>>> print(open('input-v5.tsv').read())   # TSV, C-alpha atoms
chain	number	residue	atom	x	y	z
Q	1	MET	CA	19.56	8.73	24.61
Q	2	SER	CA	18.85	12.36	23.86
Q	3	PHE	CA	18.73	13.43	20.23
Q	4	ASN	CA	20.98	16.38	21.08
Q	5	ASN	CA	24.24	16.16	19.07
Q	6	ALA	CA	23.49	12.64	17.82
Q	7	PHE	CA	22.87	13.86	14.27
Q	8	PHE	CA	24.78	17.16	14.33
Q	9	ASN	CA	26.96	17.43	11.20
Q	10	LYS	CA	26.16	13.79	10.32
Q	11	ARG	CA	25.42	12.87	6.71
Q	12	VAL	CA	21.85	11.57	6.62
Q	13	LEU	CA	20.03	10.18	3.58
Q	14	ILE	CA	16.22	10.08	3.55
Q	15	THR	CA	14.48	8.18	0.78
Q	16	GLY	CA	10.97	9.43	0.12
Q	17	HIS	CA	11.87	12.86	1.53
Q	18	THR	CA	9.25	14.65	-0.59
Q	19	GLY	CA	6.40	12.64	0.96
Q	20	PHE	CA	4.38	13.27	4.10
Q	21	LYS	CA	6.50	11.41	6.68
Q	22	GLY	CA	9.74	12.09	4.85
Q	23	SER	CA	9.22	15.85	4.80
Q	24	TRP	CA	8.52	15.96	8.56
Q	25	LEU	CA	11.64	13.86	9.22
Q	26	LEU	CA	13.66	16.20	7.01
Q	27	ILE	CA	12.61	19.23	9.06
Q	28	TRP	CA	13.41	17.48	12.34
Q	29	LEU	CA	16.86	16.43	11.14
Q	30	LYS	CA	17.59	19.97	9.92
Q	31	LEU	CA	16.65	21.26	13.37
Q	32	LEU	CA	19.13	18.73	14.81
Q	33	GLY	CA	21.92	20.08	12.60
Q	34	ALA	CA	22.24	17.13	10.22
Q	35	LYS	CA	23.59	17.36	6.67
Q	36	VAL	CA	20.52	16.00	4.91
Q	37	ALA	CA	20.25	14.47	1.47
Q	38	GLY	CA	16.98	13.26	-0.01
Q	39	LEU	CA	16.30	10.68	-2.70
Q	40	SER	CA	12.79	10.67	-4.09
Q	41	LEU	CA	10.44	11.28	-6.96
Q	42	GLU	CA	8.59	14.58	-7.29
Q	43	PRO	CA	6.23	15.44	-4.41
Q	44	PRO	CA	3.29	13.03	-4.61
Q	45	THR	CA	0.52	15.53	-3.84
Q	46	ASN	CA	-0.57	19.09	-4.55
Q	47	PRO	CA	-0.49	20.87	-2.14
Q	48	SER	CA	2.71	19.36	-0.79
Q	49	HIS	CA	4.22	19.77	2.67
Q	50	TYR	CA	7.68	19.52	1.09
Q	51	GLU	CA	7.06	22.33	-1.39
Q	52	ALA	CA	5.02	24.54	0.95
Q	53	ALA	CA	7.88	24.49	3.48
Q	54	ASN	CA	10.57	25.11	0.80
Q	55	LEU	CA	12.46	22.07	2.00
Q	56	HIS	CA	14.68	21.91	-1.08
Q	57	GLU	CA	16.79	24.68	0.45
Q	58	ASN	CA	20.11	23.68	2.02
Q	59	ILE	CA	19.82	19.96	1.27
Q	60	THR	CA	21.08	17.64	-1.44
Q	61	ASP	CA	17.87	17.01	-3.37
Q	62	LEU	CA	18.07	13.96	-5.67
Q	63	ARG	CA	15.21	13.03	-7.99
Q	64	VAL	CA	15.83	9.29	-8.23
Q	65	ASP	CA	13.32	6.47	-8.61
Q	66	ILE	CA	13.91	3.95	-5.82
Q	67	ARG	CA	13.35	1.22	-8.44
Q	68	ASP	CA	16.46	2.35	-10.36
Q	69	ARG	CA	19.11	0.08	-8.84
Q	70	SER	CA	22.17	1.69	-10.42
Q	71	GLU	CA	21.12	5.23	-9.50
Q	72	VAL	CA	20.30	4.23	-5.92
Q	73	ARG	CA	23.70	2.55	-5.57
Q	74	ARG	CA	25.46	5.56	-7.12
Q	75	ALA	CA	23.71	7.96	-4.74
Q	76	ILE	CA	24.66	5.94	-1.66
Q	77	LEU	CA	28.30	5.68	-2.74
Q	78	GLU	CA	28.54	9.39	-3.58
Q	79	LEU	CA	26.81	10.58	-0.41
Q	80	GLN	CA	28.68	8.23	1.97
Q	81	PRO	CA	25.89	8.57	4.58
Q	82	ASP	CA	26.30	8.00	8.29
Q	83	PHE	CA	22.57	7.25	8.58
Q	84	ILE	CA	19.87	6.17	6.12
Q	85	PHE	CA	16.14	6.36	6.70
Q	86	HIS	CA	14.34	4.47	3.94
Q	87	LEU	CA	10.74	5.71	3.66
Q	88	ALA	CA	10.20	5.68	-0.12
Q	89	ALA	CA	7.18	3.51	-0.87
Q	90	GLN	CA	3.90	3.06	-2.66
Q	91	ALA	CA	1.94	3.56	0.55
Q	92	LEU	CA	-1.74	3.27	-0.41
Q	93	VAL	CA	-3.74	0.04	-0.05
Q	94	ARG	CA	-6.41	0.99	-2.58
Q	95	ARG	CA	-3.80	2.05	-5.16
Q	96	SER	CA	-2.07	-1.30	-4.73
Q	97	TYR	CA	-5.14	-2.98	-6.24
Q	98	ASP	CA	-5.07	-0.62	-9.22
Q	99	ASP	CA	-1.35	-1.11	-9.86
Q	100	PRO	CA	0.05	-4.12	-8.02
Q	101	LEU	CA	3.17	-4.23	-10.21
Q	102	GLU	CA	4.18	-0.70	-9.22
Q	103	THR	CA	3.48	-1.55	-5.59
Q	104	TRP	CA	5.66	-4.67	-5.61
Q	105	GLU	CA	8.46	-3.02	-7.59
Q	106	THR	CA	8.55	0.00	-5.28
Q	107	ASN	CA	8.10	-1.68	-1.92
Q	108	LEU	CA	10.03	-4.90	-2.45
Q	109	MET	CA	12.60	-4.13	-5.13
Q	110	GLY	CA	13.10	-0.58	-3.85
Q	111	THR	CA	14.04	-1.99	-0.45
Q	112	LEU	CA	16.32	-4.54	-2.10
Q	113	ASN	CA	18.02	-1.75	-4.04
Q	114	ILE	CA	18.79	0.07	-0.79
Q	115	LEU	CA	20.23	-3.11	0.69
Q	116	GLU	CA	22.36	-3.69	-2.40
Q	117	GLY	CA	23.61	-0.11	-2.21
Q	118	LEU	CA	24.54	-0.66	1.43
Q	119	ARG	CA	26.49	-3.79	0.44
Q	120	ALA	CA	28.77	-1.59	-1.65
Q	121	LEU	CA	29.33	0.94	1.16
Q	122	ASP	CA	32.70	0.50	2.88
Q	123	LYS	CA	32.12	2.62	5.97
Q	124	PRO	CA	30.03	2.58	9.16
Q	125	CYS	CA	26.39	3.39	8.46
Q	126	CYS	CA	23.17	2.79	10.38
Q	127	ALA	CA	20.09	2.19	8.23
Q	128	VAL	CA	16.50	2.21	9.47
Q	129	LEU	CA	14.26	0.63	6.84
Q	130	ILE	CA	10.61	1.52	7.34
Q	131	THR	CA	7.96	-0.97	6.29
Q	132	SER	CA	4.45	-0.86	7.79
Q	133	ASP	CA	2.18	-2.19	10.50
Q	134	LYS	CA	0.33	-3.87	7.63
Q	135	CYS	CA	3.30	-6.20	7.08
Q	136	TYR	CA	1.65	-8.54	9.61
Q	137	ASP	CA	-0.71	-11.31	8.58
Q	138	ASN	CA	-3.69	-9.51	10.06
Q	139	VAL	CA	-6.33	-11.90	11.43
Q	140	GLU	CA	-7.98	-8.98	13.28
Q	141	TRP	CA	-7.45	-10.24	16.78
Q	142	VAL	CA	-7.96	-7.79	19.64
Q	143	TRP	CA	-4.41	-7.73	21.01
Q	144	GLY	CA	-1.37	-6.07	19.48
Q	145	TYR	CA	0.93	-7.76	17.00
Q	146	ARG	CA	4.47	-8.45	18.19
Q	147	GLU	CA	7.59	-8.43	16.04
Q	148	THR	CA	7.69	-12.25	16.16
Q	149	ASP	CA	4.17	-12.70	14.72
Q	150	PRO	CA	3.70	-13.99	11.16
Q	151	ILE	CA	3.99	-11.48	8.34
Q	152	GLY	CA	2.13	-11.17	5.06
Q	153	GLY	CA	-1.27	-9.88	4.02
Q	154	PRO	CA	-4.22	-10.43	1.68
Q	155	ASP	CA	-3.79	-7.26	-0.39
Q	156	PRO	CA	-0.85	-6.28	-2.65
Q	157	TYR	CA	0.29	-3.47	-0.37
Q	158	SER	CA	0.39	-5.54	2.82
Q	159	ALA	CA	1.98	-8.50	1.07
Q	160	SER	CA	4.66	-6.28	-0.49
Q	161	LYS	CA	5.54	-4.88	2.92
Q	162	GLY	CA	5.72	-8.37	4.40
Q	163	ALA	CA	7.99	-9.36	1.52
Q	164	ALA	CA	10.18	-6.32	2.20
Q	165	GLU	CA	10.64	-7.57	5.76
Q	166	LEU	CA	11.67	-10.98	4.40
Q	167	VAL	CA	14.28	-9.52	2.06
Q	168	ILE	CA	15.64	-7.31	4.87
Q	169	ARG	CA	16.05	-10.34	7.13
Q	170	SER	CA	17.54	-12.45	4.35
Q	171	HIS	CA	20.10	-9.85	3.29
Q	172	ILE	CA	21.18	-9.14	6.85
Q	173	HIS	CA	21.82	-12.83	7.52
Q	174	SER	CA	23.51	-13.34	4.15
Q	175	PHE	CA	25.61	-10.22	3.68
Q	176	PHE	CA	25.78	-8.16	6.90
Q	177	PRO	CA	27.08	-10.46	9.65
Q	178	LYS	CA	26.55	-9.01	13.12
Q	179	THR	CA	30.16	-9.50	14.27
Q	180	THR	CA	31.94	-7.88	11.30
Q	181	SER	CA	29.55	-5.70	9.32
Q	182	LYS	CA	30.30	-1.98	9.21
Q	183	VAL	CA	26.68	-1.43	8.22
Q	184	ARG	CA	23.95	-1.96	10.80
Q	185	ILE	CA	20.34	-2.34	9.77
Q	186	ALA	CA	17.00	-2.45	11.58
Q	187	SER	CA	13.42	-2.35	10.32
Q	188	ALA	CA	10.63	-0.21	11.73
Q	189	ARG	CA	6.92	-0.94	11.54
Q	190	ALA	CA	4.34	1.79	12.01
Q	191	GLY	CA	1.29	3.07	10.23
Q	192	ASN	CA	-1.83	5.21	10.16
Q	193	VAL	CA	0.04	8.37	10.96
Q	194	ILE	CA	-1.80	11.66	10.81
Q	195	GLY	CA	-0.69	15.24	11.08
Q	196	GLY	CA	-0.52	18.54	9.24
Q	197	GLY	CA	0.74	18.62	5.68
Q	198	ASP	CA	-0.83	15.36	4.53
Q	199	TRP	CA	-2.84	15.64	1.33
Q	200	GLY	CA	-2.69	12.00	0.27
Q	201	ALA	CA	-5.55	10.38	-1.61
Q	202	ASN	CA	-7.98	8.09	0.22
Q	203	ARG	CA	-6.70	9.09	3.65
Q	204	ILE	CA	-9.16	10.12	6.31
Q	205	ILE	CA	-7.67	13.42	7.55
Q	206	PRO	CA	-6.93	14.82	4.06
Q	207	ASP	CA	-10.40	13.70	2.94
Q	208	CYS	CA	-11.93	15.55	5.91
Q	209	VAL	CA	-9.92	18.74	5.34
Q	210	ARG	CA	-10.66	18.86	1.62
Q	211	ALA	CA	-14.39	18.34	2.17
Q	212	TRP	CA	-14.79	20.73	5.08
Q	213	ALA	CA	-12.79	23.48	3.37
Q	214	LYS	CA	-15.59	23.41	0.76
Q	215	SER	CA	-18.39	23.07	3.35
Q	216	GLN	CA	-19.05	19.54	2.12
Q	217	ALA	CA	-19.67	16.32	4.05
Q	218	VAL	CA	-16.84	13.83	4.15
Q	219	GLU	CA	-17.84	10.32	3.15
Q	220	LEU	CA	-16.81	7.58	5.59
Q	221	ARG	CA	-16.39	4.22	3.86
Q	222	SER	CA	-15.53	2.27	7.03
Q	223	PRO	CA	-16.54	4.31	10.09
Q	224	ASN	CA	-16.15	1.35	12.46
Q	225	SER	CA	-12.67	0.37	11.31
Q	226	THR	CA	-10.17	0.68	14.15
Q	227	ARG	CA	-6.62	1.93	13.69
Q	228	PRO	CA	-3.70	2.80	16.00
Q	229	TRP	CA	-3.90	6.48	15.09
Q	230	GLN	CA	-0.77	8.41	15.98
Q	231	HIS	CA	0.72	11.77	15.13
Q	232	VAL	CA	3.44	11.60	12.50
Q	233	LEU	CA	6.04	12.78	15.04
Q	234	GLU	CA	5.50	9.68	17.20
Q	235	PRO	CA	6.97	7.07	14.84
Q	236	LEU	CA	9.56	9.57	13.61
Q	237	SER	CA	10.84	9.90	17.17
Q	238	GLY	CA	11.04	6.11	17.18
Q	239	TYR	CA	13.02	5.99	13.94
Q	240	LEU	CA	15.48	8.59	15.21
Q	241	ASN	CA	15.81	6.81	18.54
Q	242	LEU	CA	16.33	3.47	16.83
Q	243	ALA	CA	19.08	4.90	14.60
Q	244	ILE	CA	20.93	6.30	17.62
Q	245	GLU	CA	20.71	3.10	19.62
Q	246	LEU	CA	21.60	0.99	16.57
Q	247	ASN	CA	24.77	3.06	16.24
Q	248	LYS	CA	25.63	2.33	19.89
Q	249	ASN	CA	24.54	-1.27	20.25
Q	250	PRO	CA	25.47	-3.94	17.65
Q	251	ASP	CA	23.00	-6.35	19.24
Q	252	LEU	CA	20.16	-4.35	17.65
Q	253	HIS	CA	21.49	-5.09	14.16
Q	254	GLY	CA	18.88	-7.07	12.26
Q	255	GLU	CA	16.05	-6.43	14.70
Q	256	PRO	CA	12.52	-5.24	13.75
Q	257	PHE	CA	10.65	-2.77	15.97
Q	258	ASN	CA	7.03	-1.65	16.25
Q	259	PHE	CA	6.21	2.00	16.87
Q	260	GLY	CA	2.64	2.83	17.76
Q	261	PRO	CA	0.36	4.29	20.42
Q	262	SER	CA	-0.84	2.47	23.49
Q	263	THR	CA	-3.31	-0.25	22.54
Q	264	LEU	CA	-5.77	1.62	24.75
Q	265	GLU	CA	-5.59	4.51	22.25
Q	266	SER	CA	-6.93	2.53	19.27
Q	267	LYS	CA	-9.97	4.39	17.97
Q	268	SER	CA	-12.38	4.00	15.10
Q	269	VAL	CA	-12.65	6.23	12.05
Q	270	GLU	CA	-15.86	7.66	13.50
Q	271	ASP	CA	-14.08	8.39	16.81
Q	272	LEU	CA	-11.44	10.32	14.89
Q	273	VAL	CA	-13.98	12.41	12.97
Q	274	ARG	CA	-15.95	13.19	16.10
Q	275	GLN	CA	-12.76	14.32	17.82
Q	276	MET	CA	-11.92	16.50	14.81
Q	277	GLU	CA	-15.35	18.09	15.25
Q	278	ILE	CA	-14.23	19.47	18.63
Q	279	ASN	CA	-11.34	21.27	16.95
Q	280	TRP	CA	-12.93	22.31	13.64
Q	281	ASN	CA	-16.02	24.35	12.76
Q	282	LEU	CA	-18.79	23.17	10.44
Q	283	VAL	CA	-17.91	19.49	10.43
Q	284	LYS	CA	-20.17	17.32	8.27
Q	285	TRP	CA	-19.89	13.62	7.51
Q	286	LYS	CA	-21.99	10.72	6.27
Q	287	ASP	CA	-21.70	6.97	6.52
Q	288	VAL	CA	-21.44	5.45	3.03
Q	289	SER	CA	-20.18	2.06	4.21
Q	290	ARG	CA	-23.18	0.19	2.78
Q	291	SER	CA	-22.91	1.80	-0.63
Q	292	ALA	CA	-19.15	2.24	-0.86
Q	293	GLU	CA	-17.46	-0.01	-3.36
Q	294	GLY	CA	-13.83	-0.91	-3.07
Q	295	PRO	CA	-11.33	-3.61	-2.26
Q	296	TYR	CA	-10.86	-5.29	1.08
Q	297	GLU	CA	-9.23	-3.29	3.88
Q	298	SER	CA	-8.70	-4.59	7.42
Q	299	GLY	CA	-11.10	-3.50	10.12
Q	300	LEU	CA	-8.94	-3.93	13.24
Q	301	LEU	CA	-5.20	-3.54	13.70
Q	302	LYS	CA	-3.08	-3.01	16.82
Q	303	LEU	CA	0.64	-3.08	17.56
Q	304	ASN	CA	2.44	-4.21	20.69
Q	305	CYS	CA	5.39	-1.88	21.29
Q	306	ASP	CA	6.90	-3.52	24.38
Q	307	LYS	CA	10.11	-4.32	22.50
Q	308	ALA	CA	10.74	-0.64	21.69
Q	309	LEU	CA	10.03	0.27	25.31
Q	310	PHE	CA	12.44	-2.36	26.65
Q	311	HIS	CA	15.37	-1.91	24.25
Q	312	LEU	CA	15.01	1.75	23.25
Q	313	LYS	CA	13.12	3.22	26.22
Q	314	TRP	CA	10.73	4.56	23.57
Q	315	ARG	CA	7.06	5.20	24.12
Q	316	SER	CA	4.45	7.41	22.54
Q	317	VAL	CA	3.95	10.89	23.96
Q	318	LEU	CA	0.55	12.22	22.88
Q	319	THR	CA	-2.96	11.19	23.81
Q	320	PHE	CA	-5.51	10.62	21.06
Q	321	GLU	CA	-7.12	13.98	21.88
Q	322	GLU	CA	-3.77	15.81	21.71
Q	323	THR	CA	-2.96	14.11	18.41
Q	324	ILE	CA	-6.17	15.36	16.83
Q	325	GLU	CA	-5.77	18.85	18.30
Q	326	LEU	CA	-2.22	19.21	16.97
Q	327	THR	CA	-3.32	18.00	13.55
Q	328	ALA	CA	-6.39	20.23	13.33
Q	329	ASN	CA	-4.43	23.28	14.48
Q	330	TRP	CA	-1.85	22.76	11.72
Q	331	TYR	CA	-4.49	22.75	9.00
Q	332	LYS	CA	-6.49	25.61	10.49
Q	333	THR	CA	-3.35	27.74	10.63
Q	334	PHE	CA	-2.36	26.77	7.09
Q	335	TYR	CA	-5.73	27.66	5.60
Q	336	SER	CA	-6.57	30.75	7.67
Q	337	GLU	CA	-3.30	32.67	7.92
Q	338	ALA	CA	-0.39	33.81	5.79
Q	339	VAL	CA	1.98	31.39	7.46
Q	340	ARG	CA	5.53	30.19	6.90
Q	341	VAL	CA	4.99	26.45	6.73
Q	342	TYR	CA	8.52	25.52	7.77
Q	343	GLU	CA	8.15	27.54	10.98
Q	344	LEU	CA	4.66	26.14	11.59
Q	345	SER	CA	5.94	22.56	11.38
Q	346	ALA	CA	9.18	23.29	13.26
Q	347	ASN	CA	7.18	24.85	16.09
Q	348	GLN	CA	5.02	21.73	16.34
Q	349	ILE	CA	8.16	19.58	16.51
Q	350	ASN	CA	9.50	21.75	19.34
Q	351	THR	CA	6.14	21.54	21.12
Q	352	TYR	CA	6.18	17.77	20.80
Q	353	VAL	CA	9.75	17.53	22.16
Q	354	ARG	CA	8.84	19.73	25.13
Q	355	SER	CA	5.85	17.51	25.90
Q	356	ALA	CA	8.08	14.42	25.73
Q	357	LYS	CA	10.58	16.03	28.11
Q	358	GLU	CA	7.88	17.11	30.58
Q	359	ARG	CA	6.49	13.54	30.59
Q	360	GLY	CA	9.87	11.96	31.28
Q	361	VAL	CA	10.32	10.20	27.93
Q	362	ALA	CA	13.91	8.99	27.82
Q	363	TRP	CA	15.01	10.32	24.41
Q	364	ALA	CA	13.87	13.87	25.27
Q	365	GLN	CA	15.91	14.18	28.48
>>> encode(input="input-v5.tsv", output="structure tokens")
Amino acid sequence: MSFNNAFFNKRVLITGHTGFKGSWLLIWLKLLGAKVAGLSLEPPTNPSHYEAANLHENITDLRVDIRDRSEVRRAILELQPDFIFHLAAQALVRRSYDDPLETWETNLMGTLNILEGLRALDKPCCAVLITSDKCYDNVEWVWGYRETDPIGGPDPYSASKGAAELVIRSHIHSFFPKTTSKVRIASARAGNVIGGGDWGANRIIPDCVRAWAKSQAVELRSPNSTRPWQHVLEPLSGYLNLAIELNKNPDLHGEPFNFGPSTLESKSVEDLVRQMEINWNLVKWKDVSRSAEGPYESGLLKLNCDKALFHLKWRSVLTFEETIELTANWYKTFYSEAVRVYELSANQINTYVRSAKERGVAWAQ
């Protein structure tokens, strides 16, 4: 189904709207004419995509900690949303080792607080709760994980996301029966998104941009690690599509969905940096994998997205090369020109939608 008119004048709540993915989703929903409210802490980075694009304008901007159950419930009841996109999270694997309690409280209890808020809502609402591709028990096999594969993980971040999936499933079965519930819920699993406006710590593209802006070499801790790299707009199109179809089809209530690139597009960290080199001058990098100290991170991870293709007619739009080009162009424009960041990001969304339409992707028609 086309996004046109699906969100126009609808009340939409985004948790984590000041973060990287949340700020891009906010812009897209504003372009679609939604009445957007955001619930989040202060922007997590400086610079910040949210602040650079002045996204506080013309939205309801709530500074609420997702761990605060009473405030989350109050916000949901006051806003009476038609749609909720829950993105608020502690999203960094390495940070989860430094502060596992914060990670578990945010990712597990924060999700539970959203579910409890939805229990109190006496109106139709479709909620897409975003977890992560790392929710799977990753044994690093070469094929993509399906939604029916075991969940869990060896590190606090992955385990907390697997636990979030368990509490979502439990609450749906216990409190949101498919035949009578006014609230419909689905979970979405994606990860390793890249794109302009990301300045997160210990993330490969921000690390590259920060180093190269100072004519320094970026240090690659795990150059051979493979990830399903995708532009941030790819999973966001999936989340929007899922919310629309969830509103139409009660059979999707309670279902998890993967959103990722073709398994043929999985590339290593070194592949990504070499592709960035094509689109960026004076690229320098060095392999520090033998000397780098740090906690365990998985080396291989793929998603199977056949379920999203079958039920939602969703598929990724961009090639790996196009993903890197779009990302590099955003940062080059940001750093080299006096640019209005909102327009820069909105133009990339419009470019992405045009590409989806030209390639016959169902939601863009």
>>> closest_residue(input="input-v5.tsv", among="Q:Arg203, Q:Leu242, Q:His253, Q:Leu112", to="Val269 in chain Q", atoms="all atoms listed in the file")
Q:Arg203
>>> closest_residue(input="input-v5.tsv", among="Q:Thr131, Q:Ser187, Q:Ser316, Q:Asn258", to="Ser237 in chain Q", atoms="only C-alpha atoms")
Q:Ser316
>>> closest_residue(input="input-v5.tsv", among="Q:Leu129, Q:Met276, Q:Ala164, Q:Ala75", to="Leu87 in chain Q", atoms="all atoms listed in the file")
Q:Leu129
>>> closest_residue(input="input-v5.tsv", among="Q:Gln80, Q:Thr327, Q:Asn192, Q:Asn54", to="Ser132 in chain Q", atoms="only C-alpha atoms")
Q:Asn192
>>> residues_around(input="input-v5.tsv", residues="Lys286 in chain Q", least_positions_apart="6", cutoff="9 Å", atoms="only C-alpha atoms", output="compact mmCIF listing (two decimals) with C-alpha atoms, in the coordinates of the input")
# COMPACT_ATOMS: atom_id res chain seq x y z
CA ALA Q 217 -19.67 16.32 4.05
CA VAL Q 218 -16.84 13.83 4.15
CA GLU Q 219 -17.84 10.32 3.15
CA LEU Q 220 -16.81 7.58 5.59
CA ARG Q 221 -16.39 4.22 3.86
>>> residues_near_point(input="input-v5.tsv", point="(5.5, 21.6, -3.4)", cutoff="9 Å", atoms="only C-alpha atoms", output="list in words")
Thr18, Glu42, Pro43, Pro44, Thr45, Asn46, Pro47, Ser48, His49, Tyr50, Glu51, Ala52, Ala53, Asn54 and Leu55 of chain Q
>>> closest_atom_pairs(input="input-v5.tsv", of="range 115-198 of chain Q", to="range 342-345 of chain Q", cutoff="10 Å", atoms="all atoms listed in the file", output="JSON lines")
{"residue": "Q:Gly195", "atom": "CA", "partner": "Q:Ser345", "partner_atom": "CA", "distance": 9.9}
{"residue": "Q:Gly196", "atom": "CA", "partner": "Q:Ser345", "partner_atom": "CA", "distance": 7.9}
{"residue": "Q:Gly197", "atom": "CA", "partner": "Q:Ser345", "partner_atom": "CA", "distance": 8.7}
>>> write_last_selection(input="input-v5.tsv", atoms="C-alpha atoms", output="CSV table (one decimal), keeping the file's coordinate frame")
chain,number,residue,atom,x,y,z
Q,195,GLY,CA,-0.7,15.2,11.1
Q,196,GLY,CA,-0.5,18.5,9.2
Q,197,GLY,CA,0.7,18.6,5.7
>>> residues_around(input="input-v5.tsv", residues="Leu77 in chain Q", least_positions_apart="2", cutoff="8 Å", atoms="all atoms listed in the file", output="MDAnalysis selection string")
chainID Q and resid 73:75 79:80 117 120:121
>>> closest_residue(input="input-v5.tsv", among="Q:Ala308, Q:Leu108, Q:Ile349, Q:Ala127", to="Ala364 in chain Q", atoms="all atoms listed in the file")
Q:Ile349
>>> atom_distance(input="input-v5.tsv", atom1="CA of Ser40 in chain Q", atom2="CA of Arg63 in chain Q")
5.2 Å
>>> atom_distance(input="input-v5.tsv", atom1="CA of Ile278 in chain Q", atom2="CA of Ser23 in chain Q")
27.5 Å
>>> decode(input="input-v5.tsv", residues="range 99-105 of chain Q", atoms="all heavy atoms", output="PDB file, in the first residue's frame")
ATOM      1  N   ASP Q  99      27.729  -0.664  31.007  1.00  0.00           N
ATOM      2  CA  ASP Q  99      26.582  -0.398  31.873  1.00  0.00           C
ATOM      3  C   ASP Q  99      25.442  -1.351  31.521  1.00  0.00           C
ATOM      4  O   ASP Q  99      24.457  -0.969  30.889  1.00  0.00           O
ATOM      5  CB  ASP Q  99      26.118   1.059  31.719  1.00  0.00           C
ATOM      6  CG  ASP Q  99      25.232   1.515  32.864  1.00  0.00           C
ATOM      7  OD1 ASP Q  99      24.661   0.641  33.551  1.00  0.00           O
ATOM      8  OD2 ASP Q  99      25.098   2.736  33.080  1.00  0.00           O
ATOM      9  N   PRO Q 100      25.569  -2.606  31.919  1.00  0.00           N
ATOM     10  CA  PRO Q 100      24.520  -3.570  31.577  1.00  0.00           C
ATOM     11  C   PRO Q 100      23.179  -3.253  32.225  1.00  0.00           C
ATOM     12  O   PRO Q 100      22.134  -3.529  31.653  1.00  0.00           O
ATOM     13  CB  PRO Q 100      25.086  -4.906  32.084  1.00  0.00           C
ATOM     14  CG  PRO Q 100      26.111  -4.538  33.099  1.00  0.00           C
ATOM     15  CD  PRO Q 100      26.695  -3.233  32.648  1.00  0.00           C
ATOM     16  N   LEU Q 101      23.192  -2.662  33.426  1.00  0.00           N
ATOM     17  CA  LEU Q 101      21.933  -2.343  34.097  1.00  0.00           C
ATOM     18  C   LEU Q 101      21.130  -1.326  33.300  1.00  0.00           C
ATOM     19  O   LEU Q 101      19.920  -1.495  33.087  1.00  0.00           O
ATOM     20  CB  LEU Q 101      22.211  -1.821  35.510  1.00  0.00           C
ATOM     21  CG  LEU Q 101      20.967  -1.528  36.364  1.00  0.00           C
ATOM     22  CD1 LEU Q 101      20.133  -2.791  36.561  1.00  0.00           C
ATOM     23  CD2 LEU Q 101      21.390  -0.941  37.716  1.00  0.00           C
ATOM     24  N   GLU Q 102      21.803  -0.270  32.837  1.00  0.00           N
ATOM     25  CA  GLU Q 102      21.115   0.724  32.001  1.00  0.00           C
ATOM     26  C   GLU Q 102      20.566   0.071  30.738  1.00  0.00           C
ATOM     27  O   GLU Q 102      19.444   0.364  30.298  1.00  0.00           O
ATOM     28  CB  GLU Q 102      22.078   1.852  31.622  1.00  0.00           C
ATOM     29  CG  GLU Q 102      21.464   2.889  30.683  1.00  0.00           C
ATOM     30  CD  GLU Q 102      22.488   3.633  29.851  1.00  0.00           C
ATOM     31  OE1 GLU Q 102      23.559   3.060  29.537  1.00  0.00           O
ATOM     32  OE2 GLU Q 102      22.204   4.794  29.487  1.00  0.00           O
ATOM     33  N   THR Q 103      21.350  -0.816  30.146  1.00  0.00           N
ATOM     34  CA  THR Q 103      20.934  -1.478  28.913  1.00  0.00           C
ATOM     35  C   THR Q 103      19.682  -2.307  29.132  1.00  0.00           C
ATOM     36  O   THR Q 103      18.719  -2.228  28.352  1.00  0.00           O
ATOM     37  CB  THR Q 103      22.083  -2.361  28.384  1.00  0.00           C
ATOM     38  OG1 THR Q 103      23.224  -1.541  28.137  1.00  0.00           O
ATOM     39  CG2 THR Q 103      21.667  -3.079  27.106  1.00  0.00           C
ATOM     40  N   TRP Q 104      19.665  -3.116  30.194  1.00  0.00           N
ATOM     41  CA  TRP Q 104      18.496  -3.948  30.473  1.00  0.00           C
ATOM     42  C   TRP Q 104      17.282  -3.099  30.847  1.00  0.00           C
ATOM     43  O   TRP Q 104      16.164  -3.366  30.399  1.00  0.00           O
ATOM     44  CB  TRP Q 104      18.818  -4.936  31.598  1.00  0.00           C
ATOM     45  CG  TRP Q 104      19.560  -6.133  31.111  1.00  0.00           C
ATOM     46  CD1 TRP Q 104      20.908  -6.339  31.114  1.00  0.00           C
ATOM     47  CD2 TRP Q 104      18.991  -7.310  30.528  1.00  0.00           C
ATOM     48  NE1 TRP Q 104      21.216  -7.559  30.567  1.00  0.00           N
ATOM     49  CE2 TRP Q 104      20.056  -8.183  30.213  1.00  0.00           C
ATOM     50  CE3 TRP Q 104      17.691  -7.713  30.245  1.00  0.00           C
ATOM     51  CZ2 TRP Q 104      19.854  -9.426  29.624  1.00  0.00           C
ATOM     52  CZ3 TRP Q 104      17.489  -8.963  29.673  1.00  0.00           C
ATOM     53  CH2 TRP Q 104      18.557  -9.795  29.366  1.00  0.00           C
ATOM     54  N   GLU Q 105      17.491  -2.089  31.668  1.00  0.00           N
ATOM     55  CA  GLU Q 105      16.367  -1.232  32.076  1.00  0.00           C
ATOM     56  C   GLU Q 105      15.751  -0.531  30.874  1.00  0.00           C
ATOM     57  O   GLU Q 105      14.523  -0.442  30.744  1.00  0.00           O
ATOM     58  CB  GLU Q 105      16.840  -0.194  33.090  1.00  0.00           C
ATOM     59  CG  GLU Q 105      17.131  -0.754  34.462  1.00  0.00           C
ATOM     60  CD  GLU Q 105      17.654   0.303  35.413  1.00  0.00           C
ATOM     61  OE1 GLU Q 105      18.151   1.353  34.939  1.00  0.00           O
ATOM     62  OE2 GLU Q 105      17.568   0.074  36.634  1.00  0.00           O
TER      63      GLU Q 105
END
